[in-house]
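Peer 1: The following file, work09.cif, comprises mmCIF, C-alpha atoms:
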data_target
loop_
_atom_site.label_atom_id
_atom_site.label_comp_id
_atom_site.auth_asym_id
_atom_site.auth_seq_id
_atom_site.Cartn_x
_atom_site.Cartn_y
_atom_site.Cartn_z
CA MET H 1 -20.89 4.49 -3.91
CA ASN H 2 -21.46 0.84 -4.85
CA LEU H 3 -22.00 0.72 -8.59
CA SER H 4 -23.31 -2.48 -10.13
CA PRO H 5 -21.20 -4.54 -12.59
CA THR H 6 -22.89 -2.46 -15.31
CA ASN H 7 -21.70 0.75 -13.57
CA LYS H 8 -25.27 1.79 -12.79
CA PRO H 9 -26.37 3.13 -9.39
CA VAL H 10 -28.22 0.40 -7.46
CA VAL H 11 -31.62 1.23 -5.91
CA LEU H 12 -33.44 -1.12 -3.52
CA GLY H 13 -37.15 -0.67 -2.83
CA ILE H 14 -39.95 -2.16 -0.75
CA ASP H 15 -43.62 -1.49 -1.46
CA ASP H 16 -46.74 -3.37 -0.38
CA GLU H 17 -48.14 -3.10 -3.92
CA LYS H 18 -46.55 -5.22 -6.62
CA LEU H 19 -47.82 -2.88 -9.31
CA GLY H 20 -46.07 0.02 -7.58
CA LEU H 21 -42.79 -1.89 -7.57
CA GLU H 22 -43.07 -2.70 -11.25
CA LEU H 23 -43.77 0.93 -12.07
CA ILE H 24 -40.69 2.05 -10.09
CA ARG H 25 -38.60 -0.64 -11.80
CA PHE H 26 -39.77 0.48 -15.25
CA ILE H 27 -39.07 4.18 -14.59
CA LEU H 28 -35.66 3.74 -12.93
CA THR H 29 -34.39 1.11 -15.36
CA LYS H 30 -35.34 3.33 -18.28
CA ASN H 31 -33.35 6.19 -16.70
CA GLY H 32 -30.10 4.34 -16.11
CA PHE H 33 -30.53 2.77 -12.67
CA GLU H 34 -30.46 -0.84 -11.50
CA PHE H 35 -33.51 -1.61 -9.37
CA HIS H 36 -34.33 -4.48 -7.03
CA GLY H 37 -37.64 -4.57 -5.17
CA THR H 38 -39.79 -6.73 -2.93
CA GLU H 39 -43.10 -6.66 -1.08
CA HIS H 40 -41.76 -8.62 1.91
CA PRO H 41 -39.64 -7.21 4.76
CA GLU H 42 -37.75 -10.50 5.22
CA ALA H 43 -36.74 -10.61 1.56
CA PHE H 44 -35.85 -6.92 1.74
CA PHE H 45 -33.02 -7.54 4.22
CA ASP H 46 -31.71 -10.42 2.13
CA LEU H 47 -31.55 -8.06 -0.86
CA LEU H 48 -29.91 -5.42 1.31
CA GLU H 49 -27.02 -7.81 2.04
CA THR H 50 -26.57 -9.14 -1.48
CA LYS H 51 -27.24 -6.12 -3.71
CA LYS H 52 -25.41 -3.44 -1.68
CA PRO H 53 -27.65 -0.57 -2.79
CA ASP H 54 -26.66 3.06 -3.19
CA LEU H 55 -30.14 4.23 -2.22
CA ILE H 56 -33.26 2.74 -0.59
CA LEU H 57 -36.93 3.49 -1.30
CA LEU H 58 -39.14 2.63 1.70
CA ASP H 59 -42.91 2.56 1.57
CA VAL H 60 -44.22 3.90 4.89
CA ILE H 61 -47.24 1.54 5.05
CA LEU H 62 -46.25 -2.14 4.95
CA PRO H 63 -47.90 -5.39 6.08
CA ASN H 64 -47.08 -6.19 9.75
CA THR H 65 -44.59 -3.29 10.00
CA THR H 66 -43.84 0.21 8.76
CA GLY H 67 -41.15 1.85 6.72
CA PHE H 68 -40.18 3.74 9.88
CA GLU H 69 -39.40 0.45 11.68
CA LEU H 70 -37.32 -0.79 8.75
CA CYS H 71 -35.47 2.53 8.73
CA LYS H 72 -34.60 2.09 12.42
CA LYS H 73 -33.12 -1.35 11.72
CA ILE H 74 -31.13 -0.10 8.74
CA LYS H 75 -29.70 2.86 10.66
CA ALA H 76 -28.79 0.57 13.57
CA SER H 77 -26.54 -1.43 11.26
CA GLU H 78 -22.94 -0.19 11.06
CA LYS H 79 -22.71 -1.70 7.59
CA HIS H 80 -25.81 -0.03 6.12
CA LYS H 81 -26.40 3.10 8.20
CA ASP H 82 -24.97 5.50 5.62
CA ILE H 83 -27.22 4.40 2.75
CA PRO H 84 -29.65 7.26 1.96
CA ILE H 85 -33.35 6.41 2.46
CA ILE H 86 -36.27 8.02 0.65
CA PHE H 87 -39.76 7.35 2.04
CA LEU H 88 -42.71 6.65 -0.27
CA THR H 89 -46.07 7.60 1.19
CA GLY H 90 -49.60 8.47 0.30
CA LYS H 91 -49.89 10.44 3.54
CA ILE H 92 -48.84 14.07 3.59
CA GLU H 93 -49.03 14.83 7.34
CA VAL H 94 -46.19 17.02 8.56
CA GLU H 95 -45.74 14.83 11.66
CA ASP H 96 -44.94 11.80 9.48
CA LYS H 97 -42.40 13.73 7.46
CA VAL H 98 -40.70 15.01 10.60
CA LYS H 99 -40.58 11.50 12.04
CA GLY H 100 -39.00 10.16 8.86
CA PHE H 101 -36.31 12.82 8.89
CA GLU H 102 -35.64 12.23 12.59
CA LEU H 103 -35.08 8.53 11.89
CA GLY H 104 -32.49 9.33 9.24
CA GLY H 105 -34.45 9.59 6.01
CA VAL H 106 -33.17 12.08 3.44
CA ASP H 107 -36.34 12.74 1.43
CA TYR H 108 -40.03 12.00 0.80
CA ILE H 109 -41.90 11.17 -2.38
CA THR H 110 -45.68 11.39 -2.20
CA LYS H 111 -47.81 8.83 -4.04
CA PRO H 112 -48.97 8.91 -6.72
CA PHE H 113 -45.61 10.23 -7.91
CA LYS H 114 -44.64 11.61 -11.28
CA GLU H 115 -41.84 10.04 -13.28
CA HIS H 116 -39.65 13.15 -13.48
CA GLU H 117 -39.98 13.74 -9.73
CA LEU H 118 -38.99 10.16 -8.83
CA VAL H 119 -36.01 10.19 -11.18
CA ALA H 120 -34.87 13.67 -10.09
CA ARG H 121 -34.95 12.85 -6.36
CA VAL H 122 -33.30 9.46 -6.77
CA ARG H 123 -30.59 10.86 -9.03
CA THR H 124 -29.91 13.81 -6.70
CA HIS H 125 -29.32 11.61 -3.67
CA CYS H 126 -27.27 9.07 -5.63
CA ASN H 127 -25.08 11.92 -6.85
CA LEU H 128 -24.76 13.26 -3.31
CA GLN H 129 -23.73 9.79 -2.13
CA LEU H 130 -21.13 9.62 -4.89
CA ALA H 131 -19.81 13.08 -4.00
CA LYS H 132 -19.60 12.07 -0.34
CA ALA H 133 -17.61 8.94 -1.23
CA GLN H 134 -15.24 11.01 -3.37
CA ILE H 135 -14.69 13.51 -0.56
CA GLU H 136 -13.99 10.69 1.90
CA THR H 137 -11.49 9.17 -0.53
CA GLN H 138 -9.79 12.53 -1.02
CA ALA H 139 -9.66 13.06 2.73
CA GLU H 140 -8.06 9.65 3.22
CA ASN H 141 -5.53 10.35 0.45
CA LEU H 142 -4.73 13.71 2.05
CA LYS H 143 -4.25 12.01 5.41
CA GLU H 144 -1.85 9.49 3.85
CA SER H 145 -0.04 12.28 2.02
CA ASN H 146 0.44 14.23 5.25
CA ALA H 147 1.70 11.09 7.01
CA LEU H 148 4.15 10.55 4.14
CA LYS H 149 5.35 14.14 4.39
CA ASP H 150 5.79 13.89 8.18
CA ARG H 151 7.78 10.69 7.86
CA MET H 152 9.98 12.18 5.15
CA PHE H 153 10.72 15.22 7.30
CA SER H 154 11.55 12.93 10.22
CA ILE H 155 14.03 10.95 8.14
CA ILE H 156 15.55 14.06 6.58
CA GLY H 157 15.76 15.81 9.94
CA HIS H 158 17.45 12.95 11.77
CA ASP H 159 18.79 10.09 9.68
CA LEU H 160 20.10 12.11 6.75
CA ARG H 161 21.54 14.85 8.94
CA SER H 162 23.57 12.38 11.03
CA PRO H 163 26.02 11.17 8.33
CA LEU H 164 26.35 14.65 6.83
CA SER H 165 27.14 16.13 10.26
CA ALA H 166 29.70 13.38 10.90
CA ALA H 167 31.42 14.03 7.56
CA LYS H 168 31.48 17.78 8.19
CA LEU H 169 32.99 17.27 11.64
CA LYS H 170 35.69 15.01 10.23
CA MET H 171 36.58 17.58 7.55
CA ASP H 172 36.66 20.33 10.19
CA PHE H 173 39.20 18.28 12.13
CA ILE H 174 41.33 17.99 8.98
CA THR H 175 41.25 21.74 8.22
CA ARG H 176 42.12 22.59 11.85
CA GLY H 177 45.04 20.15 11.92
CA ILE H 178 43.46 17.91 14.55
CA ILE H 179 43.65 15.09 11.98
CA ASP H 180 46.98 15.03 10.08
CA PRO H 181 46.45 14.29 6.37
CA LYS H 182 50.10 13.20 6.20
CA ALA H 183 49.65 10.48 8.81
CA ASP H 184 50.19 6.88 7.70
CA ASN H 185 46.63 5.86 8.57
CA PHE H 186 44.95 8.89 6.97
CA VAL H 187 43.83 7.13 3.78
CA ASP H 188 43.04 3.76 5.38
CA GLU H 189 40.99 5.23 8.21
CA THR H 190 39.96 8.86 7.73
CA VAL H 191 39.35 8.80 3.97
CA PHE H 192 37.57 5.45 4.23
CA GLU H 193 35.32 6.78 6.98
CA LEU H 194 34.46 9.83 4.89
CA LEU H 195 33.71 7.71 1.83
CA ASN H 196 31.63 5.31 3.89
CA THR H 197 29.70 8.19 5.44
CA MET H 198 29.00 9.74 2.04
CA ASP H 199 27.88 6.34 0.69
CA GLU H 200 25.54 6.02 3.64
CA ALA H 201 24.05 9.47 3.02
CA LEU H 202 23.73 8.86 -0.73
CA ASN H 203 22.09 5.46 -0.20
CA LEU H 204 19.62 6.97 2.24
CA LEU H 205 18.84 9.82 -0.13
CA GLN H 206 18.25 7.39 -3.02
CA ASN H 207 15.94 5.31 -0.85
CA LEU H 208 14.11 8.38 0.38
CA LEU H 209 13.48 9.67 -3.14
CA GLY H 210 12.49 6.22 -4.39
CA TRP H 211 10.12 5.69 -1.48
CA ALA H 212 8.52 9.12 -1.91
CA LYS H 213 7.98 8.51 -5.63
CA SER H 214 6.53 5.08 -4.96
CA GLU H 215 4.15 6.32 -2.27
CA SER H 216 2.93 9.09 -4.58
CA ASN H 217 2.54 6.62 -7.49
CA GLN H 218 5.20 8.33 -9.60
CA ILE H 219 7.21 5.14 -10.18
CA GLN H 220 6.79 3.73 -13.68
CA ILE H 221 7.35 -0.02 -13.88
CA ILE H 222 8.67 -1.12 -17.29
CA PRO H 223 9.29 -4.90 -17.33
CA GLU H 224 12.02 -6.15 -19.64
CA ASN H 225 14.30 -9.18 -19.93
CA LEU H 226 17.19 -8.70 -17.49
CA ASP H 227 20.34 -10.78 -17.04
CA LEU H 228 20.07 -11.47 -13.32
CA GLY H 229 23.67 -12.58 -12.85
CA ASP H 230 24.94 -9.41 -14.50
CA ILE H 231 22.79 -7.20 -12.22
CA VAL H 232 24.14 -9.02 -9.16
CA ASP H 233 27.74 -8.46 -10.35
CA GLN H 234 27.03 -4.76 -10.90
CA THR H 235 25.65 -4.49 -7.36
CA PHE H 236 28.71 -6.27 -5.93
CA ARG H 237 30.97 -3.71 -7.61
CA LEU H 238 28.84 -0.87 -6.25
CA LEU H 239 29.19 -2.18 -2.68
CA LYS H 240 32.82 -3.23 -2.99
CA LEU H 241 34.13 -0.61 -0.56
CA GLY H 242 32.01 -1.80 2.36
CA SER H 243 32.47 -5.51 1.74
CA GLU H 244 36.25 -5.27 1.37
CA HIS H 245 36.57 -3.16 4.51
CA LYS H 246 34.89 -5.94 6.51
CA GLN H 247 36.65 -8.65 4.42
CA ILE H 248 33.28 -10.14 3.50
CA ALA H 249 33.19 -12.55 0.56
CA LEU H 250 30.41 -11.82 -1.95
CA ILE H 251 29.45 -14.92 -3.96
CA ASN H 252 27.21 -14.85 -7.04
CA ASN H 253 25.46 -18.23 -7.37
CA ILE H 254 22.99 -17.14 -10.07
CA PRO H 255 23.07 -19.75 -12.87
CA GLU H 256 24.54 -18.39 -16.10
CA GLY H 257 21.89 -17.30 -18.58
CA THR H 258 19.22 -16.63 -15.95
CA PHE H 259 16.89 -13.87 -17.12
CA VAL H 260 14.01 -12.28 -15.25
CA HIS H 261 11.16 -10.20 -16.66
CA ALA H 262 11.14 -7.17 -14.39
CA ASP H 263 11.79 -3.44 -14.14
CA LEU H 264 15.51 -2.64 -14.19
CA ASN H 265 15.67 0.31 -11.79
CA THR H 266 13.45 -1.13 -9.06
CA SER H 267 15.15 -4.55 -9.30
CA LYS H 268 18.57 -2.94 -8.88
CA THR H 269 17.30 -0.95 -5.90
CA VAL H 270 16.00 -4.10 -4.20
CA LEU H 271 19.30 -5.97 -4.65
CA ARG H 272 21.34 -2.95 -3.57
CA ASN H 273 19.37 -2.56 -0.36
CA LEU H 274 19.30 -6.26 0.52
CA LEU H 275 23.05 -6.64 -0.09
CA SER H 276 23.83 -3.40 1.73
CA ASN H 277 21.89 -4.64 4.75
CA ALA H 278 23.57 -8.05 4.58
CA ILE H 279 27.01 -6.36 4.65
CA LYS H 280 25.91 -4.21 7.56
CA PHE H 281 24.80 -7.16 9.70
CA THR H 282 27.53 -9.65 8.72
CA PRO H 283 30.70 -9.70 10.84
CA THR H 284 34.26 -9.36 9.53
CA LYS H 285 35.34 -12.23 7.24
CA GLY H 286 31.75 -13.32 6.77
CA ILE H 287 30.11 -14.68 3.62
CA ILE H 288 27.18 -13.35 1.60
CA GLN H 289 25.72 -15.39 -1.24
CA VAL H 290 23.12 -14.52 -3.86
CA ASN H 291 21.29 -17.63 -5.04
CA GLY H 292 18.79 -18.16 -7.84
CA ILE H 293 16.31 -21.03 -7.49
CA LEU H 294 14.10 -21.97 -10.43
CA LYS H 295 10.44 -22.65 -9.52
CA GLU H 296 8.23 -23.28 -12.55
CA ASP H 297 7.92 -19.96 -14.39
CA ARG H 298 9.55 -17.86 -11.65
CA ILE H 299 12.97 -17.42 -10.11
CA VAL H 300 13.43 -17.11 -6.34
CA ILE H 301 16.34 -14.79 -5.54
CA GLU H 302 18.02 -15.29 -2.16
CA VAL H 303 20.42 -12.91 -0.41
CA GLN H 304 21.95 -15.17 2.24
CA ASP H 305 24.42 -14.16 4.96
CA ASN H 306 26.03 -15.77 7.99
CA GLY H 307 25.56 -12.69 10.15
CA GLN H 308 23.89 -12.05 13.49
CA GLY H 309 20.40 -13.14 12.43
CA ILE H 310 17.00 -11.71 13.30
CA SER H 311 14.50 -12.72 15.98
CA GLU H 312 10.93 -13.69 15.03
CA GLU H 313 9.63 -10.59 16.80
CA ASP H 314 11.93 -8.31 14.80
CA ILE H 315 11.02 -10.05 11.51
CA GLY H 316 7.41 -9.05 12.14
CA LYS H 317 8.49 -5.44 12.67
CA ILE H 318 10.69 -5.43 9.56
CA LEU H 319 7.84 -6.66 7.36
CA ASN H 320 5.40 -4.10 8.77
CA PRO H 321 5.46 -1.12 6.36
CA ASN H 322 3.84 1.10 8.99
CA GLU H 323 6.59 0.54 11.58
CA HIS H 324 9.85 2.49 11.54
CA PHE H 325 12.29 -0.25 12.68
CA SER H 326 16.08 -0.14 12.51
CA LYS H 327 19.12 -1.59 14.29
CA LEU H 328 22.84 -0.91 14.33
CA GLY H 329 25.12 -3.17 12.27
CA THR H 330 28.01 -5.29 13.53
CA GLU H 331 30.30 -2.23 13.47
CA LYS H 332 27.62 0.18 14.73
CA GLU H 333 26.53 1.08 11.21
CA PRO H 334 23.25 3.04 11.45
CA GLY H 335 20.09 2.31 9.52
CA THR H 336 16.58 3.68 9.06
CA GLY H 337 14.58 0.60 8.08
CA LEU H 338 13.45 2.56 5.03
CA GLY H 339 15.38 0.36 2.60
CA LEU H 340 13.39 -2.77 3.45
CA VAL H 341 10.09 -0.89 3.23
CA LEU H 342 11.16 0.20 -0.25
CA CYS H 343 12.20 -3.37 -1.14
CA GLN H 344 8.78 -4.75 -0.22
CA ASN H 345 7.08 -2.06 -2.26
CA PHE H 346 9.27 -2.55 -5.33
CA VAL H 347 9.09 -6.35 -5.22
CA ASN H 348 5.29 -6.13 -5.05
CA LYS H 349 5.22 -3.75 -8.03
CA ASN H 350 7.15 -6.39 -9.99
CA GLY H 351 4.63 -9.08 -9.09
CA GLY H 352 6.65 -10.78 -6.35
CA THR H 353 6.74 -11.14 -2.57
CA LEU H 354 9.58 -10.42 -0.13
CA ASN H 355 10.13 -12.88 2.74
CA ILE H 356 12.71 -13.56 5.45
CA LYS H 357 14.22 -16.73 6.92
CA SER H 358 16.54 -16.19 9.86
CA GLU H 359 18.07 -17.76 12.93
CA VAL H 360 19.68 -15.63 15.62
CA GLY H 361 23.44 -16.11 15.66
CA LYS H 362 23.51 -18.04 12.37
CA GLY H 363 22.41 -15.59 9.71
CA SER H 364 19.51 -14.48 7.55
CA THR H 365 18.12 -15.08 4.08
CA PHE H 366 16.03 -12.42 2.40
CA TYR H 367 14.29 -13.85 -0.64
CA PHE H 368 11.83 -12.70 -3.29
CA ASP H 369 10.46 -14.05 -6.56
CA LEU H 370 10.31 -12.56 -10.04
CA PRO H 371 8.89 -13.83 -13.36
CA LEU H 372 11.37 -15.62 -15.61
CA GLY H 373 12.49 -13.78 -18.71
CA GLU H 374 12.03 -15.07 -22.24
CA ALA H 375 15.66 -16.02 -22.63
CA ILE H 376 15.43 -18.78 -20.03
CA LEU H 377 11.99 -19.90 -21.21
CA ALA H 378 13.14 -20.32 -24.81
#
Once more with this new file: its structure as structure tokens, please.

Peer 2:
Amino acid sequence: MNLSPTNKPVVLGIDDEKLGLELIRFILTKNGFEFHGTEHPEAFFDLLETKKPDLILLDVILPNTTGFELCKKIKASEKHKDIPIIFLTGKIEVEDKVKGFELGGVDYITKPFKEHELVARVRTHCNLQLAKAQIETQAENLKESNALKDRMFSIIGHDLRSPLSAAKLKMDFITRGIIDPKADNFVDETVFELLNTMDEALNLLQNLLGWAKSESNQIQIIPENLDLGDIVDQTFRLLKLGSEHKQIALINNIPEGTFVHADLNTSKTVLRNLLSNAIKFTPTKGIIQVNGILKEDRIVIEVQDNGQGISEEDIGKILNPNEHFSKLGTEKEPGTGLGLVLCQNFVNKNGGTLNIKSEVGKGSTFYFDLPLGEAILA
């Protein structure tokens, strides 16, 4: 339902008698509607485009045409076909009423009409139109909710099960003596693999829960002044196991005293996912840098690696929230693509935009902007 700026239902009418239009305007305006009327068919279609009515009143008898002909044109328009039409007529023949209903009209009002009848019929069909719009919105929300549920089950059923199954298999080998816990390489290889697998499962679970909350609008964004360099250092420590295993240097280039005004939890999640991905797609002894570039009242945060890079085609897939895109890392590390979907969502909720610059074989830079905090503005 298209309510006017004053939140009143909008009614558009055409009548060959100016006095009739003014009477309709007086009655409907007095009863809480916004009314626009004309005596001319050409002007009627101009009003139809500009006023976006919730309901149309068509006089059956018009100069050089009929309300039935106008109804045909309205119903032939994809844009306007769902607007309810009430015919105004001084004729009471059954054949005319049947014709009007066959053309798509929803009701008839016989002239001369009474005020309470006009208001009651107009209000009834406006309310029906509003109820229809609400049902359509609920149906669309239900469709999105079901799609969300299906995608969650898909990720849980495949991507989350994989690392847990791998960890269980490794522990089975240990309990059966196939893997010797006393071997020299047990800690360096077996324990590391188990820890890495558990980190992978935990990261996926965190992303899955965060994504589900975000999609169901359960995420509360509470902006505050955050020390960006400190958050980057915390994230480095969190991902230390993976970066040290691949001997990747993590460099924090955020200028000291750089503050952003953003939500703590979602900002941490974005950095964790971007850095985790950078480690995954950067080869052994690579370099990952986090840069902070001041641009007026915002800071652009870059996560830059010298890894394998991303093709233009794949960048389009990565930035498409409706596409489930993932690739294996340099050491066959699995991924779901869910982390980047979550990053886009969380960056947007903090008033920024996530973008990618990349060149195949030379590396990638994922960057997003956040508002500067008060500390740096002072």

Peer 1: If you count all atoms listed in the file, which residues fall within 9 Å of region 56-68 of chain H, apart from same-chain ones fewer than 3 positions away, as a list in words?

Peer 2: Val10, Val11, Leu12, Gly13, Ile14, Asp15, Asp16, Gly37, Glu39, His40, Pro41, Pro53, Cys71, Lys72, Lys73, Ile83, Pro84, Ile85, Ile86, Phe87, Leu88, Thr89, Gly90, Lys91, Lys99, Gly100, Leu103 and Val122 of chain H

Peer 1: Evaluate the PyMOL selection byres ((chain H and resi 282-287) around 6) on the structure here and hand back the selected residues as a list of chain:residue names.

Peer 2: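 For this structure, the PyMOL selection byres ((chain H and resi 282-287) around 6) captures H:Lys246, H:Gln247, H:Ile248, H:Ala249, H:Ala278, H:Ile279, H:Lys280, H:Phe281, H:Ile288, H:Asp305, H:Gly307, H:Thr330.
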
Peer 1: With all atoms listed in the file as the counted atoms, please give the residues lying no more than 10 Å from Asn348 (chain H), apart from itself and same-chain residues fewer than 5 positions off, as a JSON list (two decimals) with C-alpha atoms, in the coordinates of the input.

Peer 2:
[["chain", "number", "residue", "atom", "x", "y", "z"],
["H", 342, "LEU", "CA", 11.16, 0.20, -0.25],
["H", 343, "CYS", "CA", 12.20, -3.37, -1.14],
["H", 353, "THR", "CA", 6.74, -11.14, -2.57],
["H", 354, "LEU", "CA", 9.58, -10.42, -0.13],
["H", 368, "PHE", "CA", 11.83, -12.70, -3.29],
["H", 369, "ASP", "CA", 10.46, -14.05, -6.56],
["H", 370, "LEU", "CA", 10.31, -12.56, -10.04]]

Peer 1: Considering all atoms listed in the file, can you say which of H:Leu372, H:Val303, H:Val347, H:Ile174 comes closest to Asn277 (chain H)?

Peer 2: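 Distance minimum relative to Asn277 (chain H) lands on H:Val303.
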
Peer 1: Restricting the calculation to all atoms listed in the file, which member of H:Asp54, H:Glu193, H:Gly32, H:Phe186 is positioned closest to His125 (chain H)?

Peer 2: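 When distances to His125 (chain H) are compared using all atoms listed in the file, the smallest one comes from H:Asp54.
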
Peer 1: Could you jot down the CA of Asp227 (chain H) to CA of Thr365 (chain H) separation for me, Å, one decimal place?

Peer 2: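 Answer for the CA of Asp227 (chain H) to CA of Thr365 (chain H) separation: 21.7 Å.
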
Peer 1: Work out how far apart CA of Gln304 (chain H) and CA of Tyr367 (chain H) are and give it in Å to one decimal.

Peer 2: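 CA of Tyr367 (chain H) lies 8.3 Å from CA of Gln304 (chain H).
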
Peer 1: Just the number, please: distance in Å from CA of Asp314 (chain H) to CA of Val360 (chain H), one decimal.

Peer 2: 10.7 Å

Peer 1: With all atoms of region 290-307 of chain H from the file as input, state the centre and edge lengths in Å to one decimal of the axis-aligned box that has 3 Å extra on each side, as AutoDock Vina command-line options.

Peer 2:
--center_x 17.0 --center_y -18.0 --center_z -2.1 --size_x 24.1 --size_y 16.6 --size_z 30.5

Peer 1: Tell me which protein, DNA and RNA residues are within 10 Å of Phe45 (chain H), counting all atoms listed in the file, leaving out same-chain ones fewer than 5 positions away, and put them as a list of chain:residue names.

Peer 2: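 With the cut-off at 10 Å, the set is H:Thr38, H:His40, H:Thr50, H:Lys51, H:Leu70, H:Lys73, H:Ile74.
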
Peer 1: Running the PyMOL selection byres ((chain H and resi 23-26) around 9) on this model by hand, what would come out? Give it as a PyMOL selection string.

Peer 2: chain H and resi 13+18-22+27-31+33-37+115+118

Peer 1: Dump C-alpha atoms for the selected residues as a PDB file, in the frame of the given file?

Peer 2:
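Output contents, as saved in out-v1.pdb:
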ATOM      1  CA  GLY H  13     -37.150  -0.670  -2.830  1.00  0.00           C
ATOM      2  CA  LYS H  18     -46.550  -5.220  -6.620  1.00  0.00           C
ATOM      3  CA  LEU H  19     -47.820  -2.880  -9.310  1.00  0.00           C
ATOM      4  CA  GLY H  20     -46.070   0.020  -7.580  1.00  0.00           C
ATOM      5  CA  LEU H  21     -42.790  -1.890  -7.570  1.00  0.00           C
ATOM      6  CA  GLU H  22     -43.070  -2.700 -11.250  1.00  0.00           C
ATOM      7  CA  ILE H  27     -39.070   4.180 -14.590  1.00  0.00           C
ATOM      8  CA  LEU H  28     -35.660   3.740 -12.930  1.00  0.00           C
ATOM      9  CA  THR H  29     -34.390   1.110 -15.360  1.00  0.00           C
ATOM     10  CA  LYS H  30     -35.340   3.330 -18.280  1.00  0.00           C
ATOM     11  CA  ASN H  31     -33.350   6.190 -16.700  1.00  0.00           C
ATOM     12  CA  PHE H  33     -30.530   2.770 -12.670  1.00  0.00           C
ATOM     13  CA  GLU H  34     -30.460  -0.840 -11.500  1.00  0.00           C
ATOM     14  CA  PHE H  35     -33.510  -1.610  -9.370  1.00  0.00           C
ATOM     15  CA  HIS H  36     -34.330  -4.480  -7.030  1.00  0.00           C
ATOM     16  CA  GLY H  37     -37.640  -4.570  -5.170  1.00  0.00           C
ATOM     17  CA  GLU H 115     -41.840  10.040 -13.280  1.00  0.00           C
ATOM     18  CA  LEU H 118     -38.990  10.160  -8.830  1.00  0.00           C
TER      19      LEU H 118
END

Peer 1: Extract, using all atoms listed in the file, all DNA, RNA and protein residues at most 12 Å from Asp230 (chain H), discarding same-chain residues fewer than 2 positions from it, and format them as a list in words.

Peer 2: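 In the requested format, the answer is Asn225, Leu226, Asp227, Leu228, Val232, Asp233, Gln234, Thr235, Phe236, Arg237, Asn252, Asn253, Ile254, Pro255, Glu256, Gly257, Thr258, Phe259, Val260, Leu264, Lys268, Leu271 and Val290 of chain H.
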
Peer 1: Given the choices H:Pro371, H:Gly309, H:Gly361, H:Pro181, which gets closest to Ser267 (chain H) if the distance is worked out from all atoms listed in the file?

Peer 2: H:Pro371

Peer 1: Taking all atoms listed in the file into account, name the residue in H:Leu48, H:Ile179, H:Leu169, H:Glu69 that is nearest to Gly105 (chain H).

Peer 2: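 Closest to Gly105 (chain H), using all atoms listed in the file: H:Glu69.
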
Peer 1: Written as a list in words, what is the full residue list that the PyMOL selection byres ((chain H and resi 349) around 10) yields on the file shown?

Peer 2: Ser214, Ile219, Gln220, Ile221, Ala262, Asp263, Thr266, Cys343, Gln344, Asn345, Phe346, Val347, Asn348, Asn350, Gly351, Gly352 and Thr353 of chain H
